[in-house]
$ cat run04.txt   # compact mmCIF, C-alpha atoms
# COMPACT_ATOMS: atom_id res chain seq x y z
CA MET Z 2 -6.72 -14.58 28.37
CA GLY Z 3 -6.13 -10.87 28.69
CA THR Z 4 -8.25 -7.75 28.55
CA ARG Z 5 -7.45 -4.46 26.87
CA ARG Z 6 -9.70 -1.45 27.04
CA TYR Z 7 -9.98 1.22 24.38
CA GLY Z 8 -12.51 3.83 25.48
CA ARG Z 9 -15.91 2.15 25.51
CA TYR Z 10 -14.62 -1.01 23.82
CA THR Z 11 -13.08 -4.06 25.48
CA VAL Z 12 -10.91 -6.52 23.56
CA GLU Z 13 -10.35 -9.97 25.01
CA THR Z 14 -6.95 -11.25 23.92
CA SER Z 15 -5.57 -14.77 23.95
CA ASN Z 16 -2.13 -16.41 23.77
CA GLU Z 17 -0.26 -13.11 23.78
CA THR Z 18 3.00 -14.98 24.37
CA LYS Z 19 2.59 -17.04 21.20
CA VAL Z 20 5.51 -16.36 18.85
CA LEU Z 21 4.39 -15.18 15.40
CA PHE Z 22 7.82 -14.18 14.03
CA PRO Z 23 10.16 -17.02 15.12
CA ASP Z 24 13.41 -15.45 13.85
CA ALA Z 25 12.74 -12.16 15.66
CA GLY Z 26 10.97 -13.60 18.70
CA VAL Z 27 7.99 -11.31 18.12
CA THR Z 28 4.86 -12.51 19.89
CA LYS Z 29 1.18 -11.87 19.31
CA GLY Z 30 1.25 -9.48 22.26
CA ASP Z 31 4.10 -7.60 20.56
CA VAL Z 32 2.02 -7.31 17.40
CA ILE Z 33 -0.91 -5.89 19.36
CA ASP Z 34 1.46 -3.48 21.13
CA TYR Z 35 2.91 -2.43 17.78
CA TYR Z 36 -0.44 -1.55 16.28
CA GLU Z 37 -1.38 0.35 19.44
CA SER Z 38 1.84 2.37 19.20
CA VAL Z 39 1.30 3.44 15.57
CA SER Z 40 -2.49 3.74 15.72
CA ASP Z 41 -2.42 7.52 15.22
CA ALA Z 42 -0.49 6.99 11.98
CA ILE Z 43 -2.20 3.92 10.51
CA LEU Z 44 -5.83 4.72 11.36
CA PRO Z 45 -6.02 7.71 8.97
CA VAL Z 46 -4.74 5.34 6.25
CA LEU Z 47 -7.40 2.70 7.02
CA ARG Z 48 -10.40 4.74 8.11
CA GLU Z 49 -13.48 4.62 5.82
CA ARG Z 50 -11.96 1.88 3.65
CA ALA Z 51 -12.73 -1.79 3.21
CA ILE Z 52 -9.71 -3.89 4.13
CA ALA Z 53 -8.39 -7.37 3.46
CA MET Z 54 -6.27 -9.18 6.03
CA GLU Z 55 -3.37 -11.62 5.87
CA ARG Z 56 -3.71 -13.85 8.93
CA PHE Z 57 -1.08 -16.19 10.37
CA PRO Z 58 -2.56 -17.90 13.45
CA ASP Z 59 0.43 -20.26 13.72
CA GLY Z 60 3.06 -17.65 12.90
CA ILE Z 61 4.73 -16.71 9.64
CA GLY Z 62 6.61 -20.02 9.55
CA LYS Z 63 3.32 -21.77 8.79
CA ASP Z 64 0.77 -21.21 6.06
CA GLY Z 65 -1.45 -18.21 6.60
CA PHE Z 66 -4.56 -17.19 4.74
CA HIS Z 67 -6.16 -14.21 3.06
CA GLN Z 68 -9.42 -12.97 4.56
CA LYS Z 69 -11.80 -10.45 3.07
CA GLN Z 70 -15.21 -11.26 4.51
CA ALA Z 71 -15.77 -10.19 8.13
CA GLY Z 72 -16.21 -13.25 10.34
CA ASP Z 73 -19.63 -14.04 11.80
CA TYR Z 74 -17.92 -14.23 15.18
CA PHE Z 75 -16.57 -10.67 15.01
CA PRO Z 76 -18.04 -8.37 17.71
CA ASP Z 77 -21.01 -6.23 16.69
CA TRP Z 78 -18.97 -3.06 17.23
CA ILE Z 79 -16.55 -3.96 14.41
CA GLU Z 80 -17.55 -1.75 11.48
CA THR Z 81 -18.20 -3.35 8.10
CA THR Z 82 -19.18 -2.20 4.65
CA ARG Z 83 -21.16 -4.19 2.09
CA VAL Z 84 -19.50 -4.21 -1.32
CA SER Z 85 -20.33 -5.72 -4.69
CA LYS Z 86 -18.22 -8.65 -5.81
CA GLU Z 87 -17.07 -8.86 -9.38
CA ASP Z 88 -19.19 -11.99 -9.84
CA GLY Z 89 -22.29 -10.05 -8.87
CA GLY Z 90 -22.57 -11.15 -5.24
CA LYS Z 91 -22.15 -9.11 -2.08
CA GLN Z 92 -19.82 -9.38 0.89
CA ASP Z 93 -19.24 -7.53 4.15
CA LEU Z 94 -15.69 -6.29 4.61
CA VAL Z 95 -14.11 -4.87 7.74
CA VAL Z 96 -13.58 -1.12 8.11
CA CYS Z 97 -10.89 -0.33 10.69
CA GLY Z 98 -11.61 3.04 12.23
CA ASN Z 99 -10.37 2.80 15.81
CA CYS Z 100 -7.66 1.36 18.02
CA ALA Z 101 -9.97 -1.32 19.43
CA THR Z 102 -10.50 -2.77 15.94
CA LEU Z 103 -6.76 -2.72 15.32
CA ALA Z 104 -6.18 -4.66 18.53
CA TYR Z 105 -8.97 -7.13 17.80
CA LEU Z 106 -7.58 -7.89 14.34
CA ALA Z 107 -4.05 -8.22 15.70
CA ASN Z 108 -5.35 -10.70 18.26
CA GLN Z 109 -6.74 -12.66 15.30
CA ALA Z 110 -3.14 -12.76 14.01
CA ALA Z 111 -4.03 -10.40 11.17
CA ILE Z 112 -0.44 -9.36 10.65
CA GLU Z 113 -0.96 -7.52 7.36
CA LEU Z 114 -3.71 -4.99 6.59
CA HIS Z 115 -4.50 -4.17 2.97
CA PRO Z 116 -7.01 -1.33 2.36
CA TRP Z 117 -8.84 -0.53 -0.85
CA LEU Z 118 -7.71 2.48 -2.88
CA SER Z 119 -11.20 3.94 -2.53
CA ARG Z 120 -13.39 4.90 0.41
CA ARG Z 121 -16.59 3.08 1.26
CA ASP Z 122 -18.97 5.90 0.29
CA ARG Z 123 -17.70 5.86 -3.33
CA PRO Z 124 -16.02 2.48 -3.79
CA ARG Z 125 -15.60 2.81 -7.56
CA HIS Z 126 -13.86 6.19 -7.34
CA PRO Z 127 -10.30 5.87 -5.98
CA ASP Z 128 -8.59 8.60 -4.02
CA GLN Z 129 -5.16 7.10 -4.72
CA LEU Z 130 -3.21 6.07 -7.78
CA VAL Z 131 -0.42 3.54 -7.18
CA PHE Z 132 2.65 2.52 -9.16
CA ASP Z 133 4.02 -0.74 -7.75
CA LEU Z 134 7.77 -1.07 -8.30
CA ASP Z 135 9.42 -4.41 -7.54
CA PRO Z 136 13.07 -5.10 -8.39
CA PRO Z 137 13.88 -7.61 -11.14
CA SER Z 138 16.56 -9.05 -8.81
CA ASP Z 139 17.67 -8.72 -5.18
CA ASP Z 140 19.24 -5.33 -5.93
CA PHE Z 141 17.08 -2.43 -4.69
CA ALA Z 142 18.96 0.15 -6.78
CA PRO Z 143 16.70 -0.29 -9.86
CA VAL Z 144 13.65 0.43 -7.67
CA ARG Z 145 15.24 3.60 -6.33
CA ARG Z 146 16.12 4.71 -9.86
CA ALA Z 147 12.66 3.86 -11.23
CA ALA Z 148 10.95 5.69 -8.37
CA ARG Z 149 12.92 8.84 -9.15
CA ARG Z 150 11.84 8.63 -12.78
CA VAL Z 151 8.18 8.05 -11.90
CA ARG Z 152 8.28 11.00 -9.55
CA SER Z 153 10.00 13.22 -12.12
CA LEU Z 154 7.38 12.53 -14.78
CA LEU Z 155 4.47 12.95 -12.38
CA GLU Z 156 5.89 16.28 -11.23
CA GLU Z 157 6.22 17.23 -14.89
CA LEU Z 158 2.48 16.50 -15.09
CA GLU Z 159 2.00 18.65 -11.93
CA LEU Z 160 0.96 15.82 -9.62
CA PRO Z 161 2.18 15.35 -6.02
CA THR Z 162 3.91 12.08 -5.20
CA PHE Z 163 4.48 10.08 -2.02
CA ALA Z 164 6.64 7.01 -1.48
CA LYS Z 165 6.15 3.90 0.63
CA LEU Z 166 8.61 1.06 1.21
CA THR Z 167 6.49 -2.08 1.00
CA GLY Z 168 8.33 -4.00 3.71
CA SER Z 169 8.63 -6.84 1.22
CA SER Z 170 10.80 -6.22 -1.85
CA GLY Z 171 9.73 -3.00 -3.52
CA LEU Z 172 8.19 0.44 -3.29
CA HIS Z 173 4.88 2.13 -4.05
CA VAL Z 174 4.68 5.58 -5.59
CA VAL Z 175 1.31 7.05 -4.57
CA VAL Z 176 -0.63 10.01 -5.98
CA PRO Z 177 -3.60 11.38 -3.96
CA LEU Z 178 -6.69 11.97 -6.11
CA ASP Z 179 -9.88 14.02 -5.70
CA ARG Z 180 -12.19 11.05 -6.56
CA ARG Z 181 -13.71 12.60 -9.67
CA GLU Z 182 -12.53 9.71 -11.82
CA ASP Z 183 -13.57 6.05 -11.67
CA PHE Z 184 -11.07 3.21 -11.62
CA ASP Z 185 -11.13 2.69 -15.39
CA ALA Z 186 -10.16 6.30 -16.04
CA VAL Z 187 -7.45 6.26 -13.37
CA ARG Z 188 -6.02 3.01 -14.69
CA ASP Z 189 -5.97 4.38 -18.26
CA PHE Z 190 -4.04 7.41 -17.05
CA ALA Z 191 -1.58 5.22 -15.12
CA ARG Z 192 -1.10 3.08 -18.21
CA GLY Z 193 -0.27 6.17 -20.27
CA VAL Z 194 2.30 7.28 -17.68
CA ALA Z 195 3.89 3.82 -17.62
CA ARG Z 196 4.10 3.66 -21.41
CA LEU Z 197 5.74 7.07 -21.62
CA LEU Z 198 8.25 6.14 -18.94
CA ALA Z 199 9.08 2.87 -20.72
CA ALA Z 200 9.52 4.77 -23.99
CA ARG Z 201 11.86 7.27 -22.34
CA HIS Z 202 13.90 4.60 -20.53
CA PRO Z 203 13.62 1.46 -22.69
CA ASP Z 204 16.78 -0.15 -21.28
CA ASP Z 205 15.57 -0.02 -17.68
CA LEU Z 206 11.76 0.06 -17.59
CA THR Z 207 9.01 -1.98 -19.24
CA THR Z 208 5.25 -2.44 -19.36
CA GLU Z 209 5.64 -6.05 -20.54
CA GLN Z 210 3.54 -8.29 -18.30
CA ARG Z 211 5.31 -11.50 -19.30
CA VAL Z 212 8.38 -12.01 -17.13
CA ALA Z 213 10.24 -13.83 -19.90
CA LYS Z 214 10.04 -10.76 -22.13
CA ARG Z 215 11.16 -8.17 -19.59
CA GLY Z 216 14.84 -8.79 -20.20
CA GLY Z 217 15.86 -7.86 -16.67
CA ARG Z 218 14.04 -4.53 -16.82
CA LEU Z 219 11.85 -3.27 -14.00
CA TYR Z 220 8.13 -3.77 -14.62
CA LEU Z 221 5.94 -0.70 -14.09
CA ASP Z 222 3.00 -2.40 -12.41
CA ILE Z 223 -0.29 -0.46 -12.48
CA GLY Z 224 -2.48 -3.46 -11.66
CA ARG Z 225 -3.57 -2.22 -8.25
CA ASN Z 226 -5.57 0.59 -9.84
CA ALA Z 227 -8.79 -1.40 -10.18
CA TYR Z 228 -12.02 -1.95 -8.29
CA ALA Z 229 -11.63 -4.20 -5.22
CA GLN Z 230 -7.82 -4.26 -5.49
CA THR Z 231 -5.78 -3.37 -2.42
CA ALA Z 232 -2.34 -2.11 -1.44
CA VAL Z 233 -0.59 -2.85 1.82
CA ALA Z 234 -1.27 -0.09 4.32
CA ALA Z 235 1.41 2.35 5.30
CA TRP Z 236 2.62 1.29 8.77
CA SER Z 237 1.31 -2.27 8.36
CA LEU Z 238 3.50 -5.12 9.49
CA ARG Z 239 4.53 -7.63 6.82
CA ALA Z 240 4.63 -11.38 7.28
CA ARG Z 241 8.33 -11.59 6.51
CA PRO Z 242 11.38 -12.54 8.57
CA GLY Z 243 12.39 -9.76 10.93
CA ALA Z 244 8.86 -8.33 11.22
CA PRO Z 245 9.37 -5.52 8.67
CA VAL Z 246 6.92 -2.65 8.21
CA ALA Z 247 5.50 -1.00 5.10
CA ALA Z 248 6.83 2.46 5.86
CA PRO Z 249 6.16 5.86 4.32
CA ILE Z 250 9.46 7.42 3.36
CA ALA Z 251 10.50 10.93 2.37
CA TRP Z 252 12.05 11.22 -1.07
CA GLU Z 253 15.34 12.49 0.35
CA GLU Z 254 15.49 9.46 2.68
CA LEU Z 255 15.11 7.12 -0.28
CA GLU Z 256 18.45 8.34 -1.59
CA GLU Z 257 20.30 7.31 1.54
CA LYS Z 258 22.70 4.44 1.14
CA GLY Z 259 21.38 1.18 2.49
CA THR Z 260 17.70 2.13 2.32
CA GLY Z 261 15.74 -0.87 1.09
CA ALA Z 262 12.21 -2.20 1.10
CA ARG Z 263 12.65 -3.57 4.65
CA ALA Z 264 14.42 -0.58 6.16
CA PHE Z 265 11.94 -0.36 9.08
CA ASP Z 266 10.60 -3.03 11.39
CA VAL Z 267 8.37 -3.66 14.40
CA LYS Z 268 10.91 -1.98 16.70
CA SER Z 269 12.15 0.95 14.63
CA ALA Z 270 8.88 2.06 13.02
CA PRO Z 271 7.20 3.15 16.30
CA LYS Z 272 10.30 5.14 17.23
CA ARG Z 273 10.22 6.76 13.81
CA PHE Z 274 6.59 7.78 14.24
CA ALA Z 275 7.13 8.95 17.84
CA ALA Z 276 9.92 11.21 16.58
CA GLY Z 277 7.45 12.88 14.23
CA ALA Z 278 8.64 11.22 11.03
CA ASP Z 279 5.43 10.65 9.07
CA PRO Z 280 6.06 11.74 5.47
CA TRP Z 281 2.42 10.99 4.61
CA LYS Z 282 0.94 13.39 7.15
CA GLY Z 283 -1.54 15.63 5.36
CA MET Z 284 -1.18 13.69 2.10
CA MET Z 285 -4.88 13.68 1.21
CA ARG Z 286 -5.03 17.46 1.52
CA ARG Z 287 -2.94 17.49 -1.65
CA ALA Z 288 -5.44 15.43 -3.67
CA ARG Z 289 -5.61 16.47 -7.32
CA SER Z 290 -7.80 16.09 -10.40
CA LEU Z 291 -6.41 14.25 -13.43
CA ASP Z 292 -7.90 16.71 -15.93
CA GLY Z 293 -4.82 18.88 -16.37
CA PRO Z 294 -2.28 16.04 -15.94
CA ARG Z 295 -4.11 14.00 -18.60
CA ARG Z 296 -3.77 16.84 -21.09
CA ARG Z 297 -0.11 17.36 -20.21
CA LEU Z 298 0.52 13.61 -20.51
CA SER Z 299 -0.94 13.62 -24.02
CA GLU Z 300 1.24 16.58 -24.99
CA ALA Z 301 4.35 14.96 -23.53
CA SER Z 302 3.63 11.68 -25.33
CA GLN Z 303 3.20 13.49 -28.62
CA ALA Z 304 6.42 15.43 -28.11
CA ASP Z 305 8.36 12.22 -27.35
CA ARG Z 306 6.99 10.40 -30.38
CA PRO Z 307 9.51 10.13 -33.24
CA PRO Z 308 8.50 11.97 -36.41
CA ARG Z 309 6.81 9.91 -39.11
CA LEU Z 310 8.93 9.41 -42.20
CA SER Z 311 7.38 10.55 -45.47
CA ARG Z 312 7.22 7.92 -48.17

$ encode --input "run04.txt" --output "structure tokens"
Amino acid sequence: MGTRRYGRYTVETSNETKVLFPDAGVTKGDVIDYYESVSDAILPVLRERAIAMERFPDGIGKDGFHQKQAGDYFPDWIETTRVSKEDGGKQDLVVCGNCATLAYLANQAAIELHPWLSRRDRPRHPDQLVFDLDPPSDDFAPVRRAARRVRSLLEELELPTFAKLTGSSGLHVVVPLDRREDFDAVRDFARGVARLLAARHPDDLTTEQRVAKRGGRLYLDIGRNAYAQTAVAAWSLRARPGAPVAAPIAWEELEEKGTGARAFDVKSAPKRFAAGADPWKGMMRRARSLDGPRRRLSEASQADRPPRLSR
């Protein structure tokens, strides 16, 4: 047993020498240390949001499990928020607002942290829109190319864009929103953007959900833009070999040769943050309404539509 103090909170840790990433030799204590080291970066991403956790008590070489509901055994000082389930029930989800909570969850082998796209005071009104880009093969180049195209169109619509390597296989393009719209409206807008992109680049991009019909094209996934859906947090570890991190990345960095979804890990990410490299700093101050972009999207879609032939 160990003890770590964070202001007025005390976290009792256990088995800190237990290896959670066998290939990299990363222990539970290392995971706790990692989350301490990036707390100033990840807490603004998590604060005021319900989160889901991916826990691996026996390490990533064994089966883990997905946890939403806060455990009855969690300390009273762990914040929670009561949310409505889609089946009509209620559940209490963790809200991670301080370093002590980060450490407690890490001690529970919660390797991955996945926040909602909305804050707890208005859970049905997202403050982020996410395009999830995963490569159709092991080649990351199609993701890089698709991300550029998503960004280009969103800038055409006068929306700011931010990028995040997922630490798994792909990339998220994120747009900060002012929370005026509910999830249905945001998802409809994202669908319109995806359709226009697929129409402009039919050989490379698709909105076809069925894998068999994608023909090797990259799928523009907008599925995370819905109530109770989550996206892996920026700066969260991933339960993958090498202990990679879901890392915010500047657009110019994305163009660098060799940059892939797992470009940063448990060792390099803290150094990156310590050096001041946080491309998401101040992101929410750039939150926008979709009113103007929705009108511009409609105009762009009409302009791209082929003329109807007279009979």

$ residues_around --input "run04.txt" --residues "range 118-121 of chain Z" --least-positions-apart "2" --cutoff "8 Å" --atoms "only C-alpha atoms" --output "number ranges by chain"
Z: 49-51, 82, 116, 123-130, 226, 230-232

$ write_last_selection --input "run04.txt" --atoms "C-alpha atoms" --output "compact mmCIF listing (two decimals), in the coordinates of the input"
# COMPACT_ATOMS: atom_id res chain seq x y z
CA GLU Z 49 -13.48 4.62 5.82
CA ARG Z 50 -11.96 1.88 3.65
CA ALA Z 51 -12.73 -1.79 3.21
CA THR Z 82 -19.18 -2.20 4.65
CA PRO Z 116 -7.01 -1.33 2.36
CA ARG Z 123 -17.70 5.86 -3.33
CA PRO Z 124 -16.02 2.48 -3.79
CA ARG Z 125 -15.60 2.81 -7.56
CA HIS Z 126 -13.86 6.19 -7.34
CA PRO Z 127 -10.30 5.87 -5.98
CA ASP Z 128 -8.59 8.60 -4.02
CA GLN Z 129 -5.16 7.10 -4.72
CA LEU Z 130 -3.21 6.07 -7.78
CA ASN Z 226 -5.57 0.59 -9.84
CA GLN Z 230 -7.82 -4.26 -5.49
CA THR Z 231 -5.78 -3.37 -2.42
CA ALA Z 232 -2.34 -2.11 -1.44

$ residues_around --input "run04.txt" --residues "Arg241 in chain Z" --least-positions-apart "6" --cutoff "9 Å" --atoms "only C-alpha atoms" --output "VMD selection string"
chain Z and resid 22 61 168 to 169

$ closest_residue --input "run04.txt" --among "Z:Gly26, Z:Gly90, Z:Pro137, Z:Gly8" --to "Val267 in chain Z" --atoms "only C-alpha atoms"
Z:Gly26

$ closest_atom_pairs --input "run04.txt" --of "range 100-148 of chain Z" --to "range 36-47 of chain Z" --cutoff "8 Å" --atoms "only C-alpha atoms" --output "CSV"
residue,atom,partner,partner_atom,distance
Z:Cys100,CA,Z:Ser40,CA,6.1
Z:Leu103,CA,Z:Tyr36,CA,6.5
Z:Ala104,CA,Z:Tyr36,CA,6.9
Z:Ala107,CA,Z:Tyr36,CA,7.6
Z:Pro116,CA,Z:Leu47,CA,6.2

$ residues_around --input "run04.txt" --residues "Ser302 in chain Z" --least-positions-apart "5" --cutoff "10 Å" --atoms "only C-alpha atoms" --output "list in words"
Gly193, Val194, Arg196, Leu197, Leu198, Ala200, Arg201, Arg296, Arg297 and Pro307 of chain Z

$ residues_around --input "run04.txt" --residues "Glu113 in chain Z" --least-positions-apart "6" --cutoff "8 Å" --atoms "all atoms listed in the file" --output "PyMOL selection string"
chain Z and resi 54-56+233+237-240

$ atom_distance --input "run04.txt" --atom1 "CA of Trp117 in chain Z" --atom2 "CA of Leu154 in chain Z"
25.1 Å

$ residues_near_point --input "run04.txt" --point "(2.1, 12.9, 5.5)" --cutoff "10 Å" --atoms "all atoms listed in the file" --output "short mmCIF file (atom, residue, chain, number, x, y, z; two decimals) with C-alpha atoms, in the coordinates of the input"
data_model
loop_
_atom_site.label_atom_id
_atom_site.label_comp_id
_atom_site.auth_asym_id
_atom_site.auth_seq_id
_atom_site.Cartn_x
_atom_site.Cartn_y
_atom_site.Cartn_z
CA ALA Z 42 -0.49 6.99 11.98
CA PHE Z 163 4.48 10.08 -2.02
CA PRO Z 249 6.16 5.86 4.32
CA ILE Z 250 9.46 7.42 3.36
CA ALA Z 251 10.50 10.93 2.37
CA ALA Z 278 8.64 11.22 11.03
CA ASP Z 279 5.43 10.65 9.07
CA PRO Z 280 6.06 11.74 5.47
CA TRP Z 281 2.42 10.99 4.61
CA LYS Z 282 0.94 13.39 7.15
CA GLY Z 283 -1.54 15.63 5.36
CA MET Z 284 -1.18 13.69 2.10
CA MET Z 285 -4.88 13.68 1.21
CA ARG Z 286 -5.03 17.46 1.52
CA ARG Z 287 -2.94 17.49 -1.65
#

$ atom_distance --input "run04.txt" --atom1 "CA of Asp205 in chain Z" --atom2 "CA of Pro177 in chain Z"
26.2 Å

$ atom_distance --input "run04.txt" --atom1 "CA of Leu172 in chain Z" --atom2 "CA of Asp135 in chain Z"
6.6 Å

$ closest_residue --input "run04.txt" --among "Z:Val32, Z:Val187, Z:Ala301, Z:Ala147" --to "Pro203 in chain Z" --atoms "all atoms listed in the file"
Z:Ala147

$ residues_near_point --input "run04.txt" --point "(-10.8, -0.4, 20.1)" --cutoff "9 Å" --atoms "only C-alpha atoms" --output "ChimeraX atom specification"
/Z:5-12,79,98-105

$ write_last_selection --input "run04.txt" --atoms "C-alpha atoms" --output "JSON list (two decimals), in the coordinates of the input"
[["chain", "number", "residue", "atom", "x", "y", "z"],
["Z", 5, "ARG", "CA", -7.45, -4.46, 26.87],
["Z", 6, "ARG", "CA", -9.70, -1.45, 27.04],
["Z", 7, "TYR", "CA", -9.98, 1.22, 24.38],
["Z", 8, "GLY", "CA", -12.51, 3.83, 25.48],
["Z", 9, "ARG", "CA", -15.91, 2.15, 25.51],
["Z", 10, "TYR", "CA", -14.62, -1.01, 23.82],
["Z", 11, "THR", "CA", -13.08, -4.06, 25.48],
["Z", 12, "VAL", "CA", -10.91, -6.52, 23.56],
["Z", 79, "ILE", "CA", -16.55, -3.96, 14.41],
["Z", 98, "GLY", "CA", -11.61, 3.04, 12.23],
["Z", 99, "ASN", "CA", -10.37, 2.80, 15.81],
["Z", 100, "CYS", "CA", -7.66, 1.36, 18.02],
["Z", 101, "ALA", "CA", -9.97, -1.32, 19.43],
["Z", 102, "THR", "CA", -10.50, -2.77, 15.94],
["Z", 103, "LEU", "CA", -6.76, -2.72, 15.32],
["Z", 104, "ALA", "CA", -6.18, -4.66, 18.53],
["Z", 105, "TYR", "CA", -8.97, -7.13, 17.80]]

$ closest_residue --input "run04.txt" --among "Z:Arg150, Z:Arg180, Z:His173, Z:His115" --to "Ala195 in chain Z" --atoms "all atoms listed in the file"
Z:Arg150

$ closest_residue --input "run04.txt" --among "Z:Asp34, Z:Asp88, Z:Glu182, Z:Asp133" --to "Leu166 in chain Z" --atoms "all atoms listed in the file"
Z:Asp133

$ closest_residue --input "run04.txt" --among "Z:Leu291, Z:Glu254, Z:Arg188, Z:Ala142" --to "Pro161 in chain Z" --atoms "all atoms listed in the file"
Z:Leu291

$ closest_residue --input "run04.txt" --among "Z:Thr162, Z:Asn108, Z:Ser85, Z:Asn16" --to "Ala288 in chain Z" --atoms "all atoms listed in the file"
Z:Thr162

$ residues_around --input "run04.txt" --residues "Trp236 in chain Z" --least-positions-apart "4" --cutoff "6 Å" --atoms "only C-alpha atoms" --output "list of chain:residue names"
Z:Ile43, Z:Val246, Z:Ala247, Z:Ala248

$ build_atoms --input "run04.txt" --residues "range 28-39 of chain Z" --atoms "N, CA and C atoms" --output "PDB file, keeping the file's coordinate frame"
ATOM      1  N   THR Z  28       6.058 -11.779  19.476  1.00  0.00           N
ATOM      2  CA  THR Z  28       4.860 -12.510  19.890  1.00  0.00           C
ATOM      3  C   THR Z  28       3.583 -11.798  19.423  1.00  0.00           C
ATOM      4  N   LYS Z  29       2.463 -12.497  19.632  1.00  0.00           N
ATOM      5  CA  LYS Z  29       1.180 -11.870  19.310  1.00  0.00           C
ATOM      6  C   LYS Z  29       0.972 -10.608  20.150  1.00  0.00           C
ATOM      7  N   GLY Z  30       1.358 -10.662  21.416  1.00  0.00           N
ATOM      8  CA  GLY Z  30       1.250  -9.480  22.260  1.00  0.00           C
ATOM      9  C   GLY Z  30       2.082  -8.327  21.714  1.00  0.00           C
ATOM     10  N   ASP Z  31       3.265  -8.635  21.167  1.00  0.00           N
ATOM     11  CA  ASP Z  31       4.100  -7.600  20.560  1.00  0.00           C
ATOM     12  C   ASP Z  31       3.412  -6.971  19.354  1.00  0.00           C
ATOM     13  N   VAL Z  32       2.731  -7.809  18.583  1.00  0.00           N
ATOM     14  CA  VAL Z  32       2.020  -7.310  17.400  1.00  0.00           C
ATOM     15  C   VAL Z  32       0.893  -6.375  17.820  1.00  0.00           C
ATOM     16  N   ILE Z  33       0.148  -6.764  18.852  1.00  0.00           N
ATOM     17  CA  ILE Z  33      -0.910  -5.890  19.360  1.00  0.00           C
ATOM     18  C   ILE Z  33      -0.307  -4.570  19.858  1.00  0.00           C
ATOM     19  N   ASP Z  34       0.797  -4.687  20.610  1.00  0.00           N
ATOM     20  CA  ASP Z  34       1.460  -3.480  21.130  1.00  0.00           C
ATOM     21  C   ASP Z  34       1.925  -2.588  19.974  1.00  0.00           C
ATOM     22  N   TYR Z  35       2.439  -3.210  18.917  1.00  0.00           N
ATOM     23  CA  TYR Z  35       2.910  -2.430  17.780  1.00  0.00           C
ATOM     24  C   TYR Z  35       1.767  -1.611  17.175  1.00  0.00           C
ATOM     25  N   TYR Z  36       0.659  -2.273  16.905  1.00  0.00           N
ATOM     26  CA  TYR Z  36      -0.440  -1.550  16.280  1.00  0.00           C
ATOM     27  C   TYR Z  36      -1.021  -0.481  17.202  1.00  0.00           C
ATOM     28  N   GLU Z  37      -0.990  -0.713  18.513  1.00  0.00           N
ATOM     29  CA  GLU Z  37      -1.380   0.350  19.440  1.00  0.00           C
ATOM     30  C   GLU Z  37      -0.451   1.556  19.284  1.00  0.00           C
ATOM     31  N   SER Z  38       0.848   1.295  19.195  1.00  0.00           N
ATOM     32  CA  SER Z  38       1.840   2.370  19.200  1.00  0.00           C
ATOM     33  C   SER Z  38       1.790   3.236  17.937  1.00  0.00           C
ATOM     34  N   VAL Z  39       1.351   2.668  16.814  1.00  0.00           N
ATOM     35  CA  VAL Z  39       1.300   3.440  15.570  1.00  0.00           C
ATOM     36  C   VAL Z  39      -0.144   3.738  15.147  1.00  0.00           C
TER      37      VAL Z  39
END
